[in-house]
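Shown next: start-v8.tsv, containing TSV, C-alpha atoms.
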chain	number	residue	atom	x	y	z
A	690	MET	CA	-19.19	15.17	36.91
A	691	PHE	CA	-20.60	11.92	35.56
A	692	GLY	CA	-22.17	13.76	32.63
A	693	ARG	CA	-18.88	15.39	31.74
A	694	LEU	CA	-17.00	12.06	31.88
A	695	ALA	CA	-19.70	10.42	29.79
A	696	PHE	CA	-19.27	13.17	27.18
A	697	VAL	CA	-15.49	12.66	27.14
A	698	PHE	CA	-15.83	8.92	26.65
A	699	LEU	CA	-18.45	9.41	23.95
A	700	ALA	CA	-16.19	11.88	22.10
A	701	ALA	CA	-13.29	9.43	22.31
A	702	ALA	CA	-15.48	6.63	20.96
A	703	LEU	CA	-16.57	8.80	18.05
A	704	THR	CA	-12.96	9.74	17.33
A	705	VAL	CA	-11.77	6.13	17.02
A	706	ARG	CA	-14.93	4.81	15.33
A	707	PRO	CA	-13.85	3.00	12.14
A	708	GLN	CA	-14.48	4.96	8.98
A	709	SER	CA	-16.56	3.32	6.28
A	710	PHE	CA	-17.82	4.02	2.77
A	711	ASP	CA	-21.30	5.49	2.37
A	712	LEU	CA	-21.81	3.05	-0.48
A	713	ALA	CA	-19.65	0.19	-1.79
A	714	THR	CA	-20.12	-2.41	-4.51
A	715	ILE	CA	-18.02	-5.55	-4.93
A	716	LYS	CA	-18.16	-7.61	-8.11
A	717	PRO	CA	-16.01	-10.42	-9.56
A	718	THR	CA	-13.65	-9.07	-12.19
A	719	PRO	CA	-14.84	-9.96	-15.72
A	720	GLU	CA	-12.55	-11.70	-18.16
A	721	SER	CA	-10.22	-9.52	-20.26
A	722	SER	CA	-10.10	-6.88	-17.53
A	723	PRO	CA	-7.33	-4.26	-17.41
A	724	PRO	CA	-4.34	-4.90	-15.12
A	725	ALA	CA	-4.78	-4.58	-11.37
A	726	SER	CA	-5.18	-1.02	-10.12
A	727	ILE	CA	-6.37	0.95	-7.09
A	728	ARG	CA	-7.30	4.56	-7.80
A	729	SER	CA	-8.73	7.42	-5.79
A	730	LEU	CA	-10.86	9.76	-7.89
A	731	PRO	CA	-12.34	13.23	-7.38
A	732	GLY	CA	-15.48	13.41	-5.29
A	733	GLY	CA	-14.34	10.89	-2.69
A	734	ARG	CA	-14.55	7.86	-4.95
A	735	LEU	CA	-12.27	4.82	-4.78
A	736	GLU	CA	-12.09	2.30	-7.62
A	737	THR	CA	-10.16	-0.96	-7.71
A	738	GLN	CA	-9.92	-3.23	-10.72
A	739	ASN	CA	-8.79	-6.84	-10.98
A	740	VAL	CA	-7.50	-7.07	-7.41
A	741	THR	CA	-7.32	-10.16	-5.20
A	742	LEU	CA	-8.27	-10.33	-1.54
A	743	ARG	CA	-4.58	-10.50	-0.63
A	744	MET	CA	-3.91	-7.33	-2.60
A	745	LEU	CA	-6.81	-5.53	-0.93
A	746	ILE	CA	-5.67	-6.53	2.56
A	747	LYS	CA	-2.06	-5.55	1.88
A	748	TRP	CA	-3.15	-2.17	0.49
A	749	ALA	CA	-5.60	-1.46	3.30
A	750	TRP	CA	-2.98	-2.09	6.01
A	751	ASP	CA	-0.01	-0.82	3.96
A	752	LEU	CA	1.83	-4.17	4.09
A	753	ASP	CA	4.44	-5.97	2.02
A	754	ASP	CA	4.36	-9.75	1.51
A	755	ASP	CA	6.37	-10.54	4.65
A	756	ARG	CA	4.06	-8.61	6.95
A	757	LEU	CA	0.89	-10.47	5.97
A	758	SER	CA	0.58	-14.02	7.23
A	759	GLY	CA	-2.06	-16.76	7.25
A	760	GLY	CA	-5.23	-17.08	5.26
A	761	PRO	CA	-6.19	-19.66	2.62
A	762	LYS	CA	-4.52	-19.97	-0.77
A	763	SER	CA	-7.84	-18.89	-2.27
A	764	LEU	CA	-6.94	-15.30	-1.32
A	765	ASP	CA	-5.31	-15.14	-4.77
A	766	ASP	CA	-7.91	-17.16	-6.70
A	767	VAL	CA	-10.68	-14.63	-7.25
A	768	HIS	CA	-10.25	-11.08	-8.52
A	769	TYR	CA	-12.63	-8.27	-7.60
A	770	ASP	CA	-13.71	-4.84	-8.80
A	771	VAL	CA	-14.59	-2.60	-5.87
A	772	VAL	CA	-16.17	0.85	-6.03
A	773	GLY	CA	-16.49	2.84	-2.82
A	774	GLN	CA	-18.04	6.25	-2.24
A	775	ALA	CA	-16.68	8.12	0.77
A	776	PRO	CA	-18.74	10.43	2.97
A	777	ALA	CA	-18.83	14.05	1.85
A	778	GLY	CA	-16.13	16.36	3.12
A	779	GLN	CA	-12.36	16.62	3.22
A	780	LEU	CA	-10.69	13.21	3.53
A	781	PRO	CA	-7.60	12.94	5.75
A	782	ARG	CA	-4.58	11.04	4.52
A	783	GLY	CA	-5.13	7.29	4.77
A	784	ALA	CA	-8.93	7.56	4.99
A	785	PHE	CA	-9.56	5.30	1.98
A	786	GLN	CA	-7.35	2.60	3.49
A	787	ARG	CA	-9.23	2.72	6.81
A	788	MET	CA	-12.52	2.51	4.92
A	789	MET	CA	-11.22	-0.53	3.04
A	790	GLN	CA	-10.30	-2.15	6.37
A	791	THR	CA	-13.90	-1.70	7.51
A	792	LEU	CA	-15.25	-3.07	4.22
A	793	LEU	CA	-13.04	-6.16	4.46
A	794	ARG	CA	-14.18	-6.82	8.02
A	795	GLU	CA	-17.87	-6.28	7.28
A	796	ARG	CA	-18.25	-7.75	3.79
A	797	PHE	CA	-15.59	-10.49	3.80
A	798	HIS	CA	-15.77	-11.18	7.58
A	799	LEU	CA	-12.02	-10.65	7.88
A	800	THR	CA	-10.61	-11.15	11.38
A	801	THR	CA	-6.93	-10.68	12.23
A	802	HIS	CA	-4.44	-10.31	15.03
A	803	ASN	CA	-0.95	-8.84	15.24
A	804	GLU	CA	2.34	-10.55	16.06
A	805	THR	CA	5.94	-9.37	16.25
A	806	ARG	CA	8.38	-11.50	14.25
A	807	GLU	CA	12.06	-11.17	13.35
A	808	LEU	CA	12.27	-10.79	9.59
A	809	THR	CA	14.73	-9.72	6.94
A	810	ALA	CA	14.24	-6.03	6.29
A	811	TYR	CA	16.07	-3.36	4.32
A	812	GLU	CA	17.25	0.13	5.18
A	813	MET	CA	17.28	2.49	2.22
A	814	VAL	CA	20.29	4.80	2.48
A	815	ILE	CA	22.04	7.21	0.12
A	816	ASP	CA	24.77	5.42	-1.83
A	817	LYS	CA	28.33	6.77	-1.79
A	818	SER	CA	27.77	7.95	-5.38
A	819	GLY	CA	25.10	10.38	-4.13
A	820	ALA	CA	21.37	10.70	-4.84
A	821	LYS	CA	20.54	10.86	-8.56
A	822	VAL	CA	16.83	11.69	-8.44
A	823	HIS	CA	15.40	14.89	-9.89
A	824	THR	CA	14.22	17.15	-7.04
A	825	VAL	CA	11.01	19.17	-7.51
A	826	ASP	CA	8.94	21.74	-5.64
A	827	ALA	CA	6.31	20.04	-3.44
A	828	SER	CA	4.64	23.17	-2.09
A	829	GLY	CA	1.43	22.30	-3.94
A	830	GLY	CA	1.01	18.99	-2.11
A	831	PHE	CA	1.18	15.42	-3.38
A	832	ALA	CA	-0.95	13.66	-5.98
A	833	SER	CA	-3.28	10.87	-4.91
A	834	SER	CA	-1.59	8.45	-7.34
A	835	PRO	CA	2.05	9.53	-7.67
A	836	PHE	CA	3.39	6.14	-8.82
A	837	GLN	CA	2.82	4.44	-12.17
A	838	MET	CA	3.86	0.91	-13.09
A	839	THR	CA	3.15	0.56	-16.79
A	840	ASP	CA	4.84	-2.84	-17.05
A	841	ARG	CA	6.69	-5.24	-14.78
A	842	GLY	CA	10.15	-3.97	-13.97
A	843	ARG	CA	9.40	-0.27	-14.50
A	844	ILE	CA	8.12	2.31	-12.01
A	845	THR	CA	7.86	6.07	-12.40
A	846	GLY	CA	7.27	8.43	-9.50
A	847	THR	CA	6.07	12.04	-9.74
A	848	LYS	CA	6.65	14.38	-6.80
A	849	VAL	CA	7.30	11.67	-4.22
A	850	THR	CA	9.38	11.44	-1.04
A	851	ALA	CA	12.00	8.90	-0.02
A	852	THR	CA	9.57	7.50	2.56
A	853	MET	CA	6.94	7.00	-0.16
A	854	LEU	CA	9.52	5.32	-2.38
A	855	ALA	CA	10.57	2.96	0.43
A	856	LYS	CA	6.97	1.75	0.82
A	857	VAL	CA	6.66	1.07	-2.90
A	858	LEU	CA	9.98	-0.80	-2.96
A	859	SER	CA	8.77	-3.01	-0.10
A	860	GLU	CA	6.25	-4.51	-2.50
A	861	GLN	CA	8.88	-5.12	-5.18
A	862	VAL	CA	11.56	-6.74	-2.98
A	863	HIS	CA	8.98	-8.61	-0.85
A	864	HIS	CA	10.50	-7.39	2.42
A	865	PRO	CA	9.97	-4.30	4.58
A	866	VAL	CA	11.99	-1.28	3.42
A	867	GLU	CA	12.60	1.57	5.85
A	868	ASP	CA	13.70	5.01	4.69
A	869	ALA	CA	16.98	5.89	6.39
A	870	THR	CA	18.23	8.30	3.71
A	871	GLY	CA	17.48	11.56	5.52
A	872	PHE	CA	16.56	12.86	2.05
A	873	LYS	CA	13.87	15.52	2.60
A	874	ASP	CA	13.22	16.91	-0.90
A	875	ALA	CA	10.41	15.70	-3.16
A	876	PHE	CA	11.57	14.23	-6.45
A	877	ASN	CA	10.68	12.54	-9.74
A	878	PHE	CA	12.26	9.29	-10.86
A	879	THR	CA	12.11	6.38	-13.26
A	880	LEU	CA	13.37	2.97	-12.15
A	881	GLU	CA	13.87	0.05	-14.57
A	882	TRP	CA	15.08	-3.42	-13.62
A	883	ALA	CA	14.85	-7.08	-14.62
A	884	PRO	CA	11.69	-8.57	-13.05
A	885	ASP	CA	11.82	-12.08	-11.62
A	886	SER	CA	9.34	-13.19	-14.27
A	887	ASP	CA	11.81	-12.31	-17.08
A	888	PRO	CA	15.23	-13.86	-16.35
A	889	SER	CA	16.34	-13.20	-19.95
A	890	SER	CA	16.07	-9.42	-19.51
A	891	ASN	CA	19.27	-7.43	-19.98
A	892	ARG	CA	18.26	-4.94	-17.31
A	893	PRO	CA	20.05	-4.98	-13.93
A	894	SER	CA	18.60	-6.47	-10.74
A	895	ILE	CA	16.34	-4.18	-8.75
A	896	PHE	CA	19.06	-3.69	-6.12
A	897	THR	CA	21.62	-2.63	-8.73
A	898	ALA	CA	19.05	-0.43	-10.48
A	899	ILE	CA	18.20	1.41	-7.24
A	900	ARG	CA	21.88	2.15	-6.68
A	901	GLU	CA	22.81	3.05	-10.27
A	902	GLN	CA	19.64	4.91	-11.33
A	903	LEU	CA	18.50	6.55	-8.08
A	904	GLY	CA	21.69	6.80	-6.05
A	905	PHE	CA	20.11	4.96	-3.11
A	906	ARG	CA	21.05	1.56	-1.66
A	907	LEU	CA	19.18	-1.18	0.21
A	908	ASP	CA	21.09	-2.67	3.16
A	909	ALA	CA	19.71	-5.93	4.56
A	910	LYS	CA	19.32	-6.53	8.29
A	911	LYS	CA	17.26	-8.57	10.75
A	912	LYS	CA	14.54	-6.59	12.47
A	913	ALA	CA	11.55	-7.14	14.77
A	914	VAL	CA	8.55	-6.38	12.54
A	915	ASP	CA	4.82	-6.12	13.27
A	916	VAL	CA	2.96	-8.77	11.23
A	917	LEU	CA	-0.77	-8.95	10.47
A	918	VAL	CA	-2.04	-12.53	10.81
A	919	ILE	CA	-5.31	-13.55	9.13
A	920	ASP	CA	-7.55	-15.62	11.38
A	921	ASN	CA	-10.58	-15.81	9.10
A	922	VAL	CA	-11.77	-14.42	5.76
A	923	ASP	CA	-14.59	-15.38	3.39
A	924	ARG	CA	-13.88	-15.49	-0.30
A	925	THR	CA	-17.47	-14.54	-1.16
A	926	PRO	CA	-18.54	-11.11	0.15
A	927	THR	CA	-21.97	-10.29	1.48
A	928	GLY	CA	-24.33	-8.75	-1.07
A	929	ASN	CA	-24.12	-5.17	-2.34
Please go through the file and, once you have read it, give me the structure as structure tokens.
Amino acid sequence: MFGRLAFVFLAAALTVRPQSFDLATIKPTPESSPPASIRSLPGGRLETQNVTLRMLIKWAWDLDDDRLSGGPKSLDDVHYDVVGQAPAGQLPRGAFQRMMQTLLRERFHLTTHNETRELTAYEMVIDKSGAKVHTVDASGGFASSPFQMTDRGRITGTKVTATMLAKVLSEQVHHPVEDATGFKDAFNFTLEWAPDSDPSSNRPSIFTAIREQLGFRLDAKKKAVDVLVIDNVDRTPTGN
């Protein structure tokens, strides 16, 4: 009986063991680097360019600005290029993000805890004008990088869902966005708006653009939200 229980506990431990890269290199971003990007490539390879620690943490835990708290201002001071090679085999959805969590804990000594806070959040619903996105067949699955932001104030999505769009919008409006549209089809879209950094732009605000161009709407509300709080992080990673 003891042997059987020991096997069960061992199997459970192996199931929840954090995933990690087989090999990962971290280097400071050189000057004149391309814009920030995080890309998954064939062969289980992840490449990030020109990303800050804050960006890496937010991506690894799938957070918007409001749901990441604490940490020094230096989280935004240094930019990094990270290359990670995943173990061989089929990668489940979210595997790269879990591997990045492990890398941040091991190489940057990141420690965190969770808190529940009441924050402003948005529900994305279908506007009374009706959805205006272009539906497509998603039977072939989803691309690893379905969103492109070629410049500030412009996002294109290829074969995405409303839930995926809500997560991307969270980053742009700096508050959690929850999909409450009930829209099940995959779709393509282009969204253009006036970014905060360009007040002279003649484009509409992002909230107006979402309603007019996509046929969705963001409704604000107060909501209890799970927040990741940084207790400690080192700006300089351990060696490659």
Item to check | Selected residue, from A:Val918, A:Leu745, A:Ala898, A:Leu880, that lies nearest to Met838 (chain A) when counting all atoms listed in the file | outcome: A:Leu880
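When CA of Ser758 (chain A) is paired with CA of His864 (chain A), their separation reads 12.9 Å.
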Draw an axis-aligned box tight on the listed atoms of region 712-728 of chain A, then pad every side by 3 Å and write out centre and edge lengths in Å to one decimal as JSON.
{"center_x": -13.1, "center_y": -3.6, "center_z": -10.4, "size_x": 23.5, "size_y": 22.3, "size_z": 25.8}
Item to check | Distance criterion (all atoms listed in the file): nearest to Asp816 (chain A) out of A:Lys911, A:Ala869, A:Arg728, A:Gly760 | outcome: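 Result for the nearest residue to Asp816 (chain A): A:Ala869.
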Item to check | 7 Å contact set for Lys910 (chain A), all atoms listed in the file, chain neighbours under 6 positions out, as number ranges by chain | outcome: A: 809-811
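Residues with any atom within 8 Å of Ile715 (chain A), counting only C-alpha atoms and excluding same-chain neighbours fewer than 5 positions away, are Tyr769, Asp770, Val771, Val772, Pro926 and Asn929 of chain A.
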Complete the atom set of region 829-854 of chain A to N, CA and C atoms and return it as a PDB file, in the coordinates of the input.
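Below you can see rebuild.pdb, which holds the result:
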ATOM      1  N   GLY A 829       2.828  22.470  -3.564  1.00  0.00           N
ATOM      2  CA  GLY A 829       1.430  22.300  -3.940  1.00  0.00           C
ATOM      3  C   GLY A 829       0.809  21.014  -3.431  1.00  0.00           C
ATOM      4  N   GLY A 830       1.543  20.249  -2.623  1.00  0.00           N
ATOM      5  CA  GLY A 830       1.010  18.990  -2.110  1.00  0.00           C
ATOM      6  C   GLY A 830       1.345  17.827  -3.031  1.00  0.00           C
ATOM      7  N   PHE A 831       0.861  16.645  -2.649  1.00  0.00           N
ATOM      8  CA  PHE A 831       1.180  15.420  -3.380  1.00  0.00           C
ATOM      9  C   PHE A 831      -0.060  14.880  -4.080  1.00  0.00           C
ATOM     10  N   ALA A 832       0.154  14.249  -5.233  1.00  0.00           N
ATOM     11  CA  ALA A 832      -0.950  13.660  -5.980  1.00  0.00           C
ATOM     12  C   ALA A 832      -1.460  12.416  -5.271  1.00  0.00           C
ATOM     13  N   SER A 833      -2.713  12.053  -5.544  1.00  0.00           N
ATOM     14  CA  SER A 833      -3.280  10.870  -4.910  1.00  0.00           C
ATOM     15  C   SER A 833      -2.696   9.580  -5.480  1.00  0.00           C
ATOM     16  N   SER A 834      -2.199   9.635  -6.715  1.00  0.00           N
ATOM     17  CA  SER A 834      -1.590   8.450  -7.340  1.00  0.00           C
ATOM     18  C   SER A 834      -0.261   8.840  -7.970  1.00  0.00           C
ATOM     19  N   PRO A 835       0.780   9.018  -7.147  1.00  0.00           N
ATOM     20  CA  PRO A 835       2.050   9.530  -7.670  1.00  0.00           C
ATOM     21  C   PRO A 835       2.917   8.485  -8.362  1.00  0.00           C
ATOM     22  N   PHE A 836       2.575   7.204  -8.222  1.00  0.00           N
ATOM     23  CA  PHE A 836       3.390   6.140  -8.820  1.00  0.00           C
ATOM     24  C   PHE A 836       2.646   5.490  -9.971  1.00  0.00           C
ATOM     25  N   GLN A 837       3.390   5.152 -11.025  1.00  0.00           N
ATOM     26  CA  GLN A 837       2.820   4.440 -12.170  1.00  0.00           C
ATOM     27  C   GLN A 837       3.724   3.262 -12.499  1.00  0.00           C
ATOM     28  N   MET A 838       3.109   2.099 -12.675  1.00  0.00           N
ATOM     29  CA  MET A 838       3.860   0.910 -13.090  1.00  0.00           C
ATOM     30  C   MET A 838       3.218   0.412 -14.381  1.00  0.00           C
ATOM     31  N   THR A 839       3.752   0.863 -15.503  1.00  0.00           N
ATOM     32  CA  THR A 839       3.150   0.560 -16.790  1.00  0.00           C
ATOM     33  C   THR A 839       3.447  -0.864 -17.250  1.00  0.00           C
ATOM     34  N   ASP A 840       4.534  -1.437 -16.787  1.00  0.00           N
ATOM     35  CA  ASP A 840       4.840  -2.840 -17.050  1.00  0.00           C
ATOM     36  C   ASP A 840       5.745  -3.347 -15.940  1.00  0.00           C
ATOM     37  N   ARG A 841       5.877  -4.667 -15.853  1.00  0.00           N
ATOM     38  CA  ARG A 841       6.690  -5.240 -14.780  1.00  0.00           C
ATOM     39  C   ARG A 841       8.147  -4.832 -14.973  1.00  0.00           C
ATOM     40  N   GLY A 842       8.765  -4.380 -13.900  1.00  0.00           N
ATOM     41  CA  GLY A 842      10.150  -3.970 -13.970  1.00  0.00           C
ATOM     42  C   GLY A 842      10.337  -2.507 -14.329  1.00  0.00           C
ATOM     43  N   ARG A 843       9.270  -1.708 -14.217  1.00  0.00           N
ATOM     44  CA  ARG A 843       9.400  -0.270 -14.500  1.00  0.00           C
ATOM     45  C   ARG A 843       8.418   0.523 -13.645  1.00  0.00           C
ATOM     46  N   ILE A 844       8.937   1.439 -12.842  1.00  0.00           N
ATOM     47  CA  ILE A 844       8.120   2.310 -12.010  1.00  0.00           C
ATOM     48  C   ILE A 844       8.553   3.750 -12.243  1.00  0.00           C
ATOM     49  N   THR A 845       7.569   4.638 -12.380  1.00  0.00           N
ATOM     50  CA  THR A 845       7.860   6.070 -12.400  1.00  0.00           C
ATOM     51  C   THR A 845       7.170   6.710 -11.197  1.00  0.00           C
ATOM     52  N   GLY A 846       7.831   7.698 -10.622  1.00  0.00           N
ATOM     53  CA  GLY A 846       7.270   8.430  -9.500  1.00  0.00           C
ATOM     54  C   GLY A 846       7.288   9.918  -9.797  1.00  0.00           C
ATOM     55  N   THR A 847       6.186  10.597  -9.499  1.00  0.00           N
ATOM     56  CA  THR A 847       6.070  12.040  -9.740  1.00  0.00           C
ATOM     57  C   THR A 847       5.808  12.748  -8.414  1.00  0.00           C
ATOM     58  N   LYS A 848       6.744  13.604  -8.043  1.00  0.00           N
ATOM     59  CA  LYS A 848       6.650  14.380  -6.800  1.00  0.00           C
ATOM     60  C   LYS A 848       6.407  13.455  -5.608  1.00  0.00           C
ATOM     61  N   VAL A 849       7.395  12.615  -5.318  1.00  0.00           N
ATOM     62  CA  VAL A 849       7.300  11.670  -4.220  1.00  0.00           C
ATOM     63  C   VAL A 849       8.411  11.963  -3.207  1.00  0.00           C
ATOM     64  N   THR A 850       8.333  11.324  -2.051  1.00  0.00           N
ATOM     65  CA  THR A 850       9.380  11.440  -1.040  1.00  0.00           C
ATOM     66  C   THR A 850      10.110  10.108  -0.916  1.00  0.00           C
ATOM     67  N   ALA A 851      11.238  10.136  -0.230  1.00  0.00           N
ATOM     68  CA  ALA A 851      12.000   8.900  -0.020  1.00  0.00           C
ATOM     69  C   ALA A 851      11.188   7.904   0.803  1.00  0.00           C
ATOM     70  N   THR A 852      10.410   8.398   1.753  1.00  0.00           N
ATOM     71  CA  THR A 852       9.570   7.500   2.560  1.00  0.00           C
ATOM     72  C   THR A 852       8.513   6.826   1.690  1.00  0.00           C
ATOM     73  N   MET A 853       7.916   7.580   0.764  1.00  0.00           N
ATOM     74  CA  MET A 853       6.940   7.000  -0.160  1.00  0.00           C
ATOM     75  C   MET A 853       7.594   5.960  -1.062  1.00  0.00           C
ATOM     76  N   LEU A 854       8.792   6.257  -1.541  1.00  0.00           N
ATOM     77  CA  LEU A 854       9.520   5.320  -2.380  1.00  0.00           C
ATOM     78  C   LEU A 854       9.820   4.031  -1.629  1.00  0.00           C
TER      79      LEU A 854
END
